[in-house]
file run-v2.cif (mmCIF, C-alpha atoms)
data_data
#
loop_
_atom_site.label_atom_id
_atom_site.label_comp_id
_atom_site.auth_asym_id
_atom_site.auth_seq_id
_atom_site.Cartn_x
_atom_site.Cartn_y
_atom_site.Cartn_z
CA MET A 1 0.00 0.00 0.00
CA VAL A 2 -0.04 2.53 2.12
CA LEU A 3 0.53 3.52 2.64
CA LEU A 4 4.03 4.56 3.66
CA VAL A 5 10.60 10.78 5.58
CA GLY A 6 13.18 13.58 6.34
CA THR A 7 16.76 12.65 6.97
CA GLY A 8 17.05 14.82 10.04
CA LEU A 9 14.28 12.88 11.72
CA LEU A 10 15.79 9.47 11.16
CA LEU A 11 18.78 9.68 13.47
CA SER A 12 18.93 7.30 16.40
CA GLY A 13 18.02 9.09 19.58
CA CYS A 14 16.46 12.14 17.92
CA GLY A 15 13.89 13.83 20.04
CA LEU A 16 14.11 13.43 23.82
CA GLU A 17 16.70 11.14 25.39
CA SER A 18 15.68 8.05 27.34
CA SER A 19 16.81 7.46 30.90
CA ALA A 20 18.55 4.13 31.44
CA THR A 21 16.18 2.98 34.17
CA PRO A 22 12.87 4.83 34.22
CA ALA A 23 11.44 5.49 37.66
CA ASP A 24 7.95 4.22 38.43
CA ASP A 25 6.76 7.74 39.22
CA GLY A 26 8.72 9.46 36.44
CA PRO A 27 7.69 10.31 32.89
CA THR A 28 6.84 7.51 30.49
CA THR A 29 9.74 6.63 28.19
CA LEU A 30 8.73 5.48 24.72
CA GLY A 31 10.87 4.02 21.97
CA PHE A 32 9.78 4.49 18.37
CA VAL A 33 11.20 2.16 15.71
CA ASN A 34 10.33 3.65 12.33
CA GLY A 35 10.34 1.49 9.23
CA GLY A 36 11.54 3.68 6.37
CA SER A 37 11.97 7.11 4.87
CA THR A 38 8.88 7.78 2.78
CA GLU A 39 6.68 10.81 3.42
CA PHE A 40 4.38 8.56 5.45
CA HIS A 41 7.23 7.61 7.77
CA THR A 42 8.32 11.23 8.16
CA CYS A 43 4.80 12.44 8.96
CA LEU A 44 4.23 9.52 11.32
CA GLN A 45 7.42 10.35 13.18
CA GLU A 46 6.57 14.04 13.40
CA SER A 47 3.15 13.16 14.79
CA ILE A 48 4.62 10.74 17.35
CA GLU A 49 7.24 13.28 18.43
CA ASN A 50 4.66 16.07 18.80
CA THR A 51 2.19 13.90 20.68
CA ALA A 52 4.84 12.46 23.01
CA LYS A 53 5.97 15.97 23.87
CA SER A 54 2.44 17.19 24.55
CA ASN A 55 1.90 14.18 26.83
CA PHE A 56 5.18 14.81 28.73
CA ALA A 57 6.64 11.49 27.59
CA LYS A 58 10.31 10.92 26.84
CA LEU A 59 11.02 9.58 23.35
CA VAL A 60 13.87 7.79 21.61
CA THR A 61 13.66 7.05 17.87
CA VAL A 62 15.55 4.85 15.43
CA ASN A 63 14.93 3.87 11.81
CA SER A 64 15.11 0.44 10.18
CA HIS A 65 15.27 1.72 6.57
CA GLN A 66 13.18 -1.19 5.20
CA ASP A 67 15.71 -3.72 6.59
CA ALA A 68 14.24 -6.51 8.75
CA ALA A 69 17.61 -7.38 10.31
CA ARG A 70 18.13 -3.75 11.30
CA GLU A 71 14.61 -3.67 12.75
CA LEU A 72 15.43 -6.53 15.12
CA ALA A 73 18.66 -4.78 16.11
CA ASN A 74 16.65 -1.63 16.80
CA ILE A 75 14.29 -3.59 19.04
CA GLN A 76 17.31 -4.88 20.95
CA ASP A 77 18.60 -1.31 21.24
CA MET A 78 15.31 -0.16 22.75
CA ILE A 79 15.41 -3.06 25.22
CA ALA A 80 18.91 -1.98 26.27
CA ARG A 81 17.58 1.54 26.85
CA HIS A 82 14.90 0.16 29.22
CA VAL A 83 12.04 1.99 27.52
CA ASP A 84 8.58 1.50 29.00
CA ALA A 85 7.10 0.52 25.63
CA ILE A 86 8.14 0.25 21.98
CA ILE A 87 6.03 1.76 19.20
CA LEU A 88 6.90 -0.13 16.02
CA GLN A 89 6.25 0.62 12.35
CA THR A 90 7.43 -2.74 11.03
CA VAL A 91 9.08 -3.32 7.66
CA ASN A 92 8.11 -6.97 7.41
CA THR A 93 5.22 -8.87 8.96
CA THR A 94 7.25 -12.08 8.98
CA ALA A 95 10.13 -10.46 10.84
CA LEU A 96 7.62 -9.00 13.27
CA LYS A 97 7.32 -12.36 15.03
CA SER A 98 10.97 -12.25 16.09
CA ASP A 99 10.64 -8.61 17.17
CA ILE A 100 7.67 -9.36 19.42
CA ALA A 101 9.34 -12.46 20.89
CA LYS A 102 12.50 -10.49 21.67
CA ALA A 103 10.57 -7.68 23.39
CA LYS A 104 8.33 -10.11 25.30
CA SER A 105 11.35 -11.93 26.69
CA ALA A 106 12.54 -8.59 28.07
CA HIS A 107 9.06 -7.77 29.44
CA ILE A 108 8.78 -4.65 27.29
CA PRO A 109 5.41 -4.27 25.52
CA ILE A 110 5.15 -3.48 21.81
CA PHE A 111 2.53 -1.20 20.28
CA LEU A 112 2.18 -1.54 16.50
CA THR A 113 1.32 1.04 13.87
CA SER A 114 -0.27 0.23 10.47
CA VAL A 115 -0.54 -3.50 11.12
CA SER A 116 -1.57 -5.72 14.03
CA ALA A 117 -0.67 -9.10 15.50
CA ASP A 118 -2.06 -11.55 18.03
CA PRO A 119 -3.57 -9.17 20.65
CA SER A 120 -2.25 -11.39 23.45
CA ASP A 121 1.32 -10.73 22.23
CA ILE A 122 1.18 -6.93 22.01
CA LEU A 123 0.21 -3.94 24.11
CA GLY A 124 -2.03 -2.68 21.31
CA ALA A 125 -2.07 -1.30 17.79
CA VAL A 126 -3.44 1.43 15.60
CA VAL A 127 -4.02 -0.09 12.21
CA VAL A 128 -4.68 1.16 8.76
CA ASP A 129 -7.00 -1.36 7.15
CA LEU A 130 -4.73 -1.64 4.14
CA LYS A 131 -6.91 -4.22 2.38
CA ALA A 132 -9.84 -1.81 2.68
CA VAL A 133 -7.66 1.04 1.38
CA GLY A 134 -6.75 -0.96 -1.72
CA LYS A 135 -10.37 -1.98 -2.18
CA LEU A 136 -11.47 1.69 -2.18
CA ASP A 137 -9.16 2.41 -5.13
CA ALA A 138 -10.41 -0.72 -6.88
CA GLY A 139 -13.98 0.45 -6.37
CA TRP A 140 -13.21 3.77 -8.01
CA ILE A 141 -11.82 1.97 -11.08
CA GLU A 142 -14.87 -0.30 -11.20
CA ASP A 143 -17.17 2.72 -11.24
CA ASP A 144 -15.06 4.61 -13.76
CA ALA A 145 -14.68 1.65 -16.14
CA ALA A 146 -18.47 1.10 -16.03
CA GLY A 147 -18.25 -2.47 -17.31
CA ARG A 148 -15.70 -1.82 -20.10
CA GLU A 149 -12.84 -4.29 -20.58
CA VAL A 150 -9.82 -2.37 -19.26
CA GLN A 151 -6.20 -2.95 -18.27
CA VAL A 152 -4.53 -1.96 -15.01
CA GLY A 153 -0.91 -2.05 -13.92
CA VAL A 154 0.24 -2.27 -10.30
CA ILE A 155 3.33 -0.49 -9.01
CA ALA A 156 3.82 -2.04 -5.58
CA GLY A 157 6.03 -1.00 -2.68
CA ALA A 158 8.36 -3.23 -0.67
CA PRO A 159 7.29 -6.88 -0.49
CA GLY A 160 6.51 -8.33 2.92
CA ALA A 161 4.37 -5.81 4.80
CA ALA A 162 2.12 -2.87 3.95
CA SER A 163 2.48 -3.18 0.19
CA ASP A 164 1.32 -6.80 0.10
CA LEU A 165 -1.84 -5.95 2.05
CA LEU A 166 -2.56 -2.90 -0.10
CA VAL A 167 -2.05 -4.70 -3.38
CA GLY A 168 -4.00 -7.73 -2.20
CA GLY A 169 -6.96 -5.58 -1.22
CA PHE A 170 -6.79 -3.77 -4.54
CA THR A 171 -6.53 -6.78 -6.84
CA LYS A 172 -9.19 -8.77 -4.99
CA GLY A 173 -11.52 -5.77 -5.15
CA LEU A 174 -11.39 -5.50 -8.94
CA PRO A 175 -14.32 -6.70 -11.06
CA ALA A 176 -13.92 -9.31 -13.81
CA ASN A 177 -13.77 -6.68 -16.58
CA VAL A 178 -10.57 -5.18 -15.13
CA LYS A 179 -7.46 -7.17 -16.02
CA VAL A 180 -4.16 -6.76 -14.11
CA VAL A 181 -1.54 -6.92 -16.86
CA ALA A 182 1.53 -6.01 -14.78
CA ASN A 183 2.49 -6.07 -11.10
CA GLN A 184 5.98 -4.94 -10.13
CA PRO A 185 7.53 -3.68 -6.86
CA ALA A 186 9.32 -0.34 -6.70
CA MET A 187 10.26 -0.50 -2.99
CA PHE A 188 8.45 2.77 -2.16
CA VAL A 189 11.26 4.60 -4.01
CA ALA A 190 10.23 7.26 -6.54
CA ALA A 191 13.23 6.71 -8.81
CA LYS A 192 12.48 2.99 -9.04
CA ALA A 193 8.79 3.68 -9.64
CA LYS A 194 9.72 5.86 -12.60
CA ILE A 195 11.72 3.00 -14.13
CA VAL A 196 8.95 0.48 -13.47
CA ALA A 197 6.31 2.78 -14.98
CA ALA A 198 8.39 3.43 -18.09
CA SER A 199 8.85 -0.31 -18.61
CA MET A 200 5.18 -0.99 -17.90
CA ILE A 201 3.77 1.48 -20.42
CA LYS A 202 6.24 0.27 -23.06
CA ALA A 203 5.07 -3.32 -22.57
CA HIS A 204 1.40 -2.35 -22.29
CA PRO A 205 0.75 0.75 -24.42
CA ASP A 206 -3.02 0.30 -24.02
CA LEU A 207 -2.85 0.55 -20.22
CA ASP A 208 -5.93 2.32 -18.84
CA TYR A 209 -5.20 2.56 -15.09
CA ALA A 210 -2.30 2.27 -12.67
CA PHE A 211 -2.51 1.51 -8.96
CA VAL A 212 0.57 2.92 -7.22
CA ALA A 213 1.24 1.99 -3.59
CA ASN A 214 2.06 5.51 -2.42
CA GLU A 215 1.89 9.04 -3.77
CA GLU A 216 5.63 9.68 -3.96
CA MET A 217 5.93 6.80 -6.41
CA ALA A 218 2.74 7.92 -8.14
CA PHE A 219 4.23 11.32 -9.02
CA ALA A 220 7.25 9.59 -10.56
CA ALA A 221 5.01 7.16 -12.43
CA ARG A 222 2.94 10.04 -13.79
CA LYS A 223 6.05 11.63 -15.30
CA ALA A 224 7.16 8.33 -16.82
CA PHE A 225 3.75 7.58 -18.32
CA ASP A 226 3.45 11.08 -19.77
CA ALA A 227 6.94 10.97 -21.28
CA ALA A 228 6.16 7.64 -22.98
CA GLY A 229 2.82 8.67 -24.45
CA GLY A 230 0.72 7.30 -21.61
CA LYS A 231 -1.06 10.50 -20.59
CA LYS A 232 -4.40 8.68 -20.74
CA VAL A 233 -3.40 6.32 -17.90
CA LYS A 234 -5.46 7.16 -14.83
CA ILE A 235 -3.53 6.82 -11.57
CA VAL A 236 -5.08 5.74 -8.29
CA THR A 237 -2.91 5.81 -5.20
CA VAL A 238 -2.73 6.08 -1.41
CA ASN A 239 -2.06 8.60 1.40
CA GLY A 240 -3.83 11.93 0.91
CA THR A 241 -0.94 14.39 1.15
CA ASP A 242 -1.33 18.07 0.23
CA GLU A 243 0.65 17.51 -2.96
CA ALA A 244 -1.65 14.67 -3.99
CA LEU A 245 -4.76 16.75 -3.37
CA ALA A 246 -3.35 19.32 -5.79
CA ALA A 247 -2.67 16.52 -8.29
CA LEU A 248 -6.29 15.38 -8.02
CA LYS A 249 -7.50 18.88 -8.79
CA ASP A 250 -5.32 19.28 -11.90
CA GLY A 251 -5.94 15.76 -13.20
CA ARG A 252 -2.56 14.13 -12.66
CA PHE A 253 -4.18 11.65 -10.27
CA ALA A 254 -7.69 10.22 -10.53
CA ALA A 255 -8.14 9.11 -6.91
CA THR A 256 -6.28 8.55 -3.67
CA VAL A 257 -7.23 7.12 -0.29
CA SER A 258 -6.66 9.29 2.74
CA ASN A 259 -5.19 7.48 5.76
CA SER A 260 -3.70 10.27 7.85
CA ALA A 261 -0.22 9.64 9.27
CA LYS A 262 -0.96 12.45 11.72
CA ASP A 263 -3.98 10.58 13.11
CA THR A 264 -2.04 7.30 13.28
CA GLY A 265 0.83 8.86 15.23
CA GLU A 266 -1.46 10.63 17.69
CA LEU A 267 -3.43 7.45 18.40
CA ALA A 268 -0.23 5.41 18.76
CA VAL A 269 1.18 7.62 21.52
CA THR A 270 -2.03 8.37 23.43
CA ASN A 271 -3.22 4.76 23.33
CA THR A 272 0.20 3.41 24.33
CA ILE A 273 0.30 5.67 27.38
CA SER A 274 -3.30 4.87 28.31
CA LEU A 275 -2.77 1.11 27.97
CA LEU A 276 0.38 1.29 30.10
CA ARG A 277 -1.73 3.03 32.76
CA LYS A 278 -4.41 0.32 32.49
CA GLU A 279 -6.95 2.89 31.27
CA LYS A 280 -9.89 1.82 29.14
CA VAL A 281 -9.08 2.47 25.49
CA GLU A 282 -9.49 0.42 22.33
CA LYS A 283 -6.67 -2.13 22.18
CA ILE A 284 -6.76 -2.30 18.38
CA ALA A 285 -7.76 1.11 17.01
CA THR A 286 -8.23 1.97 13.33
CA THR A 287 -7.09 5.04 11.39
CA PRO A 288 -10.03 6.20 9.24
CA ALA A 289 -9.65 5.69 5.47
CA ARG A 290 -11.54 7.73 2.89
CA LEU A 291 -11.61 7.78 -0.92
CA ILE A 292 -10.58 11.23 -2.18
CA THR A 293 -11.18 12.55 -5.71
CA ARG A 294 -11.29 15.97 -7.30
CA THR A 295 -14.84 16.48 -6.06
CA ASN A 296 -14.08 16.11 -2.33
CA ALA A 297 -10.37 17.04 -2.18
CA ASP A 298 -11.09 20.24 -0.25
CA THR A 299 -12.55 18.23 2.65
CA ALA A 300 -9.71 15.69 3.01
CA PRO A 301 -8.22 15.33 6.52
CA LEU A 302 -4.75 16.70 7.35
CA TYR A 303 -2.16 14.07 6.43
CA CYS A 304 0.96 15.43 8.12
CA PRO A 305 1.25 17.62 11.23
CA SER A 306 1.31 21.27 10.31
CA ASP A 307 3.97 23.58 11.73
CA GLY A 308 3.42 24.02 15.42
CA SER A 309 0.93 21.14 15.75
#
call {"tool": "encode", "arguments": {"input": "run-v2.cif", "output": "structure tokens"}}
result
Amino acid sequence: MVLLVGTGLLLSGCGLESSATPADDGPTTLGFVNGGSTEFHTCLQESIENTAKSNFAKLVTVNSHQDAARELANIQDMIARHVDAIILQTVNTTALKSDIAKAKSAHIPIFLTSVSADPSDILGAVVVDLKAVGKLDAGWIEDDAAGREVQVGVIAGAPGAASDLLVGGFTKGLPANVKVVANQPAMFVAAKAKIVAASMIKAHPDLDYAFVANEEMAFAARKAFDAAGGKKVKIVTVNGTDEALAALKDGRFAATVSNSAKDTGELAVTNTISLLRKEKVEKIATTPARLITRTNADTAPLYCPSDGS
């Protein structure tokens, strides 16, 4: 999908420093293990940092850069720092099992963002229903195609986590008259998406639609399609950033699905703190998802924290 960030925010230990052994009556110390460096990851981190600060929580952050081995090492680092809980944006749902086991053995709870796991193994989660997000884009294509036989190409993200759920929801949501003629990963990297799109339109010059697993890649794909004579290709994508809303209005994109990173980050911090305090909150919360087109772009929720928020 998703769904998924600035270099200055990705340094280990950015934000507030963690104490080695948090006191029972002291401030909550949270560790945030981010998964990558897309705009989603940046906005998620900004939201988590802002919300931790407003809740007087200490925060330590690290980034796994889409590397499952580094993610496990980051979990071990947070354990060594004796954080009260780890908020994790995983890079790989398979690797997640080892992460959770490692944290459980150290008696440090994990709170997940974007995806969930066995509720008995985690403190909680705030999830983006990525299958539903993909299905919303598929529904837009179904309505737009209106029964015509059409072709769609998929530019996926990084295999193993969010992208698989997004793409699965999208492809399963398509009607029989929509044929997927290409499905290639671009690792959530715009430069790779541009290459994939150029190859895709060359191989399938009659392509009608493209589903792109995030908006950064979608902008690159749009340029590649246009340069190769594929201006008619309608792009559907995911996130709901300000730049994408502008692209909806001028026709570069046909649809996107808003799943606010700001909302996800706020829920992750506030719910983690509440669950640590044994307060009654939803263990598995959901970030709202909404189909956005030119007609309702002006009412889309804020994707990334604004300055000062």
call {"tool": "atom_distance", "arguments": {"input": "run-v2.cif", "atom1": "CA of Val127 (chain A)", "atom2": "CA of Ser64 (chain A)"}}
result
19.2 Å
call {"tool": "closest_residue", "arguments": {"input": "run-v2.cif", "among": "A:Ala300, A:Gly134, A:Ala125, A:Gln76", "to": "Ile108 (chain A)", "atoms": "all atoms listed in the file"}}
result
A:Gln76
call {"tool": "residues_around", "arguments": {"input": "run-v2.cif", "residues": "Val152 (chain A)", "least_positions_apart": "6", "cutoff": "6 Å", "atoms": "only C-alpha atoms", "output": "VMD selection string"}}
result
chain A and resid 180 208 to 210
call {"tool": "residues_around", "arguments": {"input": "run-v2.cif", "residues": "Val150 (chain A)", "least_positions_apart": "6", "cutoff": "7 Å", "atoms": "all atoms listed in the file", "output": "list in words"}}
result
Asn177, Val178, Lys179 and Asp208 of chain A
call {"tool": "write_last_selection", "arguments": {"input": "run-v2.cif", "atoms": "C-alpha atoms", "output": "mmCIF file, in the coordinates of the input"}}
result
data_model
loop_
_atom_site.group_PDB
_atom_site.id
_atom_site.type_symbol
_atom_site.label_atom_id
_atom_site.label_comp_id
_atom_site.auth_asym_id
_atom_site.auth_seq_id
_atom_site.Cartn_x
_atom_site.Cartn_y
_atom_site.Cartn_z
ATOM 1 C CA ASN A 177 -13.770 -6.680 -16.580
ATOM 2 C CA VAL A 178 -10.570 -5.180 -15.130
ATOM 3 C CA LYS A 179 -7.460 -7.170 -16.020
ATOM 4 C CA ASP A 208 -5.930 2.320 -18.840
#
call {"tool": "resolve_selection", "arguments": {"input": "run-v2.cif", "expression": "the PyMOL selection byres ((chain A and resi 183) around 12)", "output": "MDAnalysis selection string"}}
result
chainID A and resid 151:157 159 163:164 167:168 170:171 179:182 184:186 193 196:197 199:200 204 210:213
call {"tool": "resolve_selection", "arguments": {"input": "run-v2.cif", "expression": "the PyMOL selection byres ((chain A and resi 38) around 10)", "output": "list in words"}}
result
Leu3, Leu4, Val5, Gly6, Gly35, Gly36, Ser37, Glu39, Phe40, His41, Thr42, Cys43, Leu44, His65, Phe188, Val189, Ala190, Asn214, Glu215, Glu216 and Met217 of chain A
call {"tool": "resolve_selection", "arguments": {"input": "run-v2.cif", "expression": "the PyMOL selection byres ((chain A and resi 253) around 10)", "output": "NGL selection string"}}
result
:A and (210 or 215 or 218-219 or 222 or 233-237 or 244-252 or 254-256 or 293-294)
call {"tool": "residues_around", "arguments": {"input": "run-v2.cif", "residues": "Pro205 (chain A)", "least_positions_apart": "2", "cutoff": "9 Å", "atoms": "all atoms listed in the file", "output": "list of chain:residue names"}}
result
A:Met200, A:Ile201, A:Lys202, A:Ala203, A:Leu207, A:Asp208, A:Ala228, A:Gly229, A:Gly230
call {"tool": "closest_residue", "arguments": {"input": "run-v2.cif", "among": "A:Leu30, A:Val133, A:Leu96, A:Leu123", "to": "Met78 (chain A)", "atoms": "only C-alpha atoms"}}
result
A:Leu30
call {"tool": "closest_residue", "arguments": {"input": "run-v2.cif", "among": "A:Phe56, A:Ile284, A:Trp140, A:Pro301", "to": "Asp118 (chain A)", "atoms": "all atoms listed in the file"}}
result
A:Ile284
call {"tool": "atom_distance", "arguments": {"input": "run-v2.cif", "atom1": "CA of Leu174 (chain A)", "atom2": "CA of Val126 (chain A)"}}
result
26.7 Å
call {"tool": "closest_residue", "arguments": {"input": "run-v2.cif", "among": "A:Thr270, A:Lys104, A:Arg290, A:Asp298", "to": "Ser54 (chain A)", "atoms": "all atoms listed in the file"}}
result
A:Thr270
call {"tool": "atom_distance", "arguments": {"input": "run-v2.cif", "atom1": "CA of Asn50 (chain A)", "atom2": "CA of Gly265 (chain A)"}}
result
8.9 Å
call {"tool": "closest_residue", "arguments": {"input": "run-v2.cif", "among": "A:Asn55, A:Thr93, A:Ser120, A:Ser306", "to": "Leu165 (chain A)", "atoms": "all atoms listed in the file"}}
result
A:Thr93
call {"tool": "residues_around", "arguments": {"input": "run-v2.cif", "residues": "Lys194 (chain A)", "least_positions_apart": "4", "cutoff": "6 Å", "atoms": "all atoms listed in the file", "output": "PyMOL selection string"}}
result
chain A and resi 220-221+224
call {"tool": "residues_near_point", "arguments": {"input": "run-v2.cif", "point": "(4.4, -1.3, 21.2)", "cutoff": "7 Å", "atoms": "only C-alpha atoms", "output": "list in words"}}
result
Ala85, Ile86, Ile87, Leu88, Pro109, Ile110, Phe111, Leu112, Ile122, Leu123 and Gly124 of chain A
call {"tool": "residues_around", "arguments": {"input": "run-v2.cif", "residues": "Gly139 (chain A)", "least_positions_apart": "4", "cutoff": "8 Å", "atoms": "all atoms listed in the file", "output": "ChimeraX atom specification"}}
result
/A:135,143,173-174
call {"tool": "closest_residue", "arguments": {"input": "run-v2.cif", "among": "A:Pro175, A:Gly169, A:Asp84, A:Ser114", "to": "Ala145 (chain A)", "atoms": "only C-alpha atoms"}}
result
A:Pro175
call {"tool": "build_atoms", "arguments": {"input": "run-v2.cif", "residues": "region 66-82 of chain A", "atoms": "N, CA, C and O atoms", "output": "mmCIF file, in the frame of the given file"}}
result
data_model
loop_
_atom_site.group_PDB
_atom_site.id
_atom_site.type_symbol
_atom_site.label_atom_id
_atom_site.label_comp_id
_atom_site.auth_asym_id
_atom_site.auth_seq_id
_atom_site.Cartn_x
_atom_site.Cartn_y
_atom_site.Cartn_z
ATOM 1 N N GLN A 66 13.711 -0.054 5.964
ATOM 2 C CA GLN A 66 13.180 -1.190 5.200
ATOM 3 C C GLN A 66 14.052 -2.444 5.315
ATOM 4 O O GLN A 66 14.031 -3.315 4.436
ATOM 5 N N ASP A 67 14.800 -2.586 6.405
ATOM 6 C CA ASP A 67 15.710 -3.720 6.590
ATOM 7 C C ASP A 67 15.252 -4.491 7.832
ATOM 8 O O ASP A 67 15.340 -3.982 8.948
ATOM 9 N N ALA A 68 14.777 -5.727 7.641
ATOM 10 C CA ALA A 68 14.240 -6.510 8.750
ATOM 11 C C ALA A 68 15.307 -6.832 9.796
ATOM 12 O O ALA A 68 15.015 -6.856 11.000
ATOM 13 N N ALA A 69 16.534 -7.084 9.357
ATOM 14 C CA ALA A 69 17.610 -7.380 10.310
ATOM 15 C C ALA A 69 17.911 -6.143 11.170
ATOM 16 O O ALA A 69 18.128 -6.254 12.385
ATOM 17 N N ARG A 70 17.901 -4.976 10.546
ATOM 18 C CA ARG A 70 18.130 -3.750 11.300
ATOM 19 C C ARG A 70 16.983 -3.492 12.274
ATOM 20 O O ARG A 70 17.185 -2.991 13.376
ATOM 21 N N GLU A 71 15.759 -3.850 11.862
ATOM 22 C CA GLU A 71 14.610 -3.670 12.750
ATOM 23 C C GLU A 71 14.792 -4.467 14.040
ATOM 24 O O GLU A 71 14.550 -3.945 15.139
ATOM 25 N N LEU A 72 15.217 -5.713 13.929
ATOM 26 C CA LEU A 72 15.430 -6.530 15.120
ATOM 27 C C LEU A 72 16.537 -5.932 15.994
ATOM 28 O O LEU A 72 16.418 -5.898 17.233
ATOM 29 N N ALA A 73 17.591 -5.439 15.351
ATOM 30 C CA ALA A 73 18.660 -4.780 16.110
ATOM 31 C C ALA A 73 18.150 -3.532 16.823
ATOM 32 O O ALA A 73 18.555 -3.231 17.957
ATOM 33 N N ASN A 74 17.238 -2.819 16.169
ATOM 34 C CA ASN A 74 16.650 -1.630 16.800
ATOM 35 C C ASN A 74 15.786 -1.993 17.998
ATOM 36 O O ASN A 74 15.764 -1.269 19.004
ATOM 37 N N ILE A 75 15.068 -3.114 17.900
ATOM 38 C CA ILE A 75 14.290 -3.590 19.040
ATOM 39 C C ILE A 75 15.234 -3.903 20.210
ATOM 40 O O ILE A 75 14.973 -3.537 21.365
ATOM 41 N N GLN A 76 16.333 -4.562 19.907
ATOM 42 C CA GLN A 76 17.310 -4.880 20.950
ATOM 43 C C GLN A 76 17.899 -3.611 21.569
ATOM 44 O O GLN A 76 18.138 -3.548 22.782
ATOM 45 N N ASP A 77 18.105 -2.585 20.744
ATOM 46 C CA ASP A 77 18.600 -1.310 21.240
ATOM 47 C C ASP A 77 17.607 -0.676 22.214
ATOM 48 O O ASP A 77 17.987 -0.160 23.269
ATOM 49 N N MET A 78 16.325 -0.727 21.872
ATOM 50 C CA MET A 78 15.310 -0.160 22.750
ATOM 51 C C MET A 78 15.214 -0.935 24.066
ATOM 52 O O MET A 78 14.993 -0.348 25.135
ATOM 53 N N ILE A 79 15.385 -2.245 23.994
ATOM 54 C CA ILE A 79 15.410 -3.060 25.220
ATOM 55 C C ILE A 79 16.559 -2.621 26.108
ATOM 56 O O ILE A 79 16.409 -2.465 27.330
ATOM 57 N N ALA A 80 17.732 -2.406 25.507
ATOM 58 C CA ALA A 80 18.910 -1.980 26.270
ATOM 59 C C ALA A 80 18.706 -0.611 26.916
ATOM 60 O O ALA A 80 19.283 -0.314 27.964
ATOM 61 N N ARG A 81 17.863 0.211 26.311
ATOM 62 C CA ARG A 81 17.580 1.540 26.850
ATOM 63 C C ARG A 81 16.503 1.503 27.946
ATOM 64 O O ARG A 81 16.207 2.525 28.548
ATOM 65 N N HIS A 82 15.914 0.342 28.164
ATOM 66 C CA HIS A 82 14.900 0.160 29.220
ATOM 67 C C HIS A 82 13.692 1.084 29.009
ATOM 68 O O HIS A 82 13.186 1.682 29.965
#
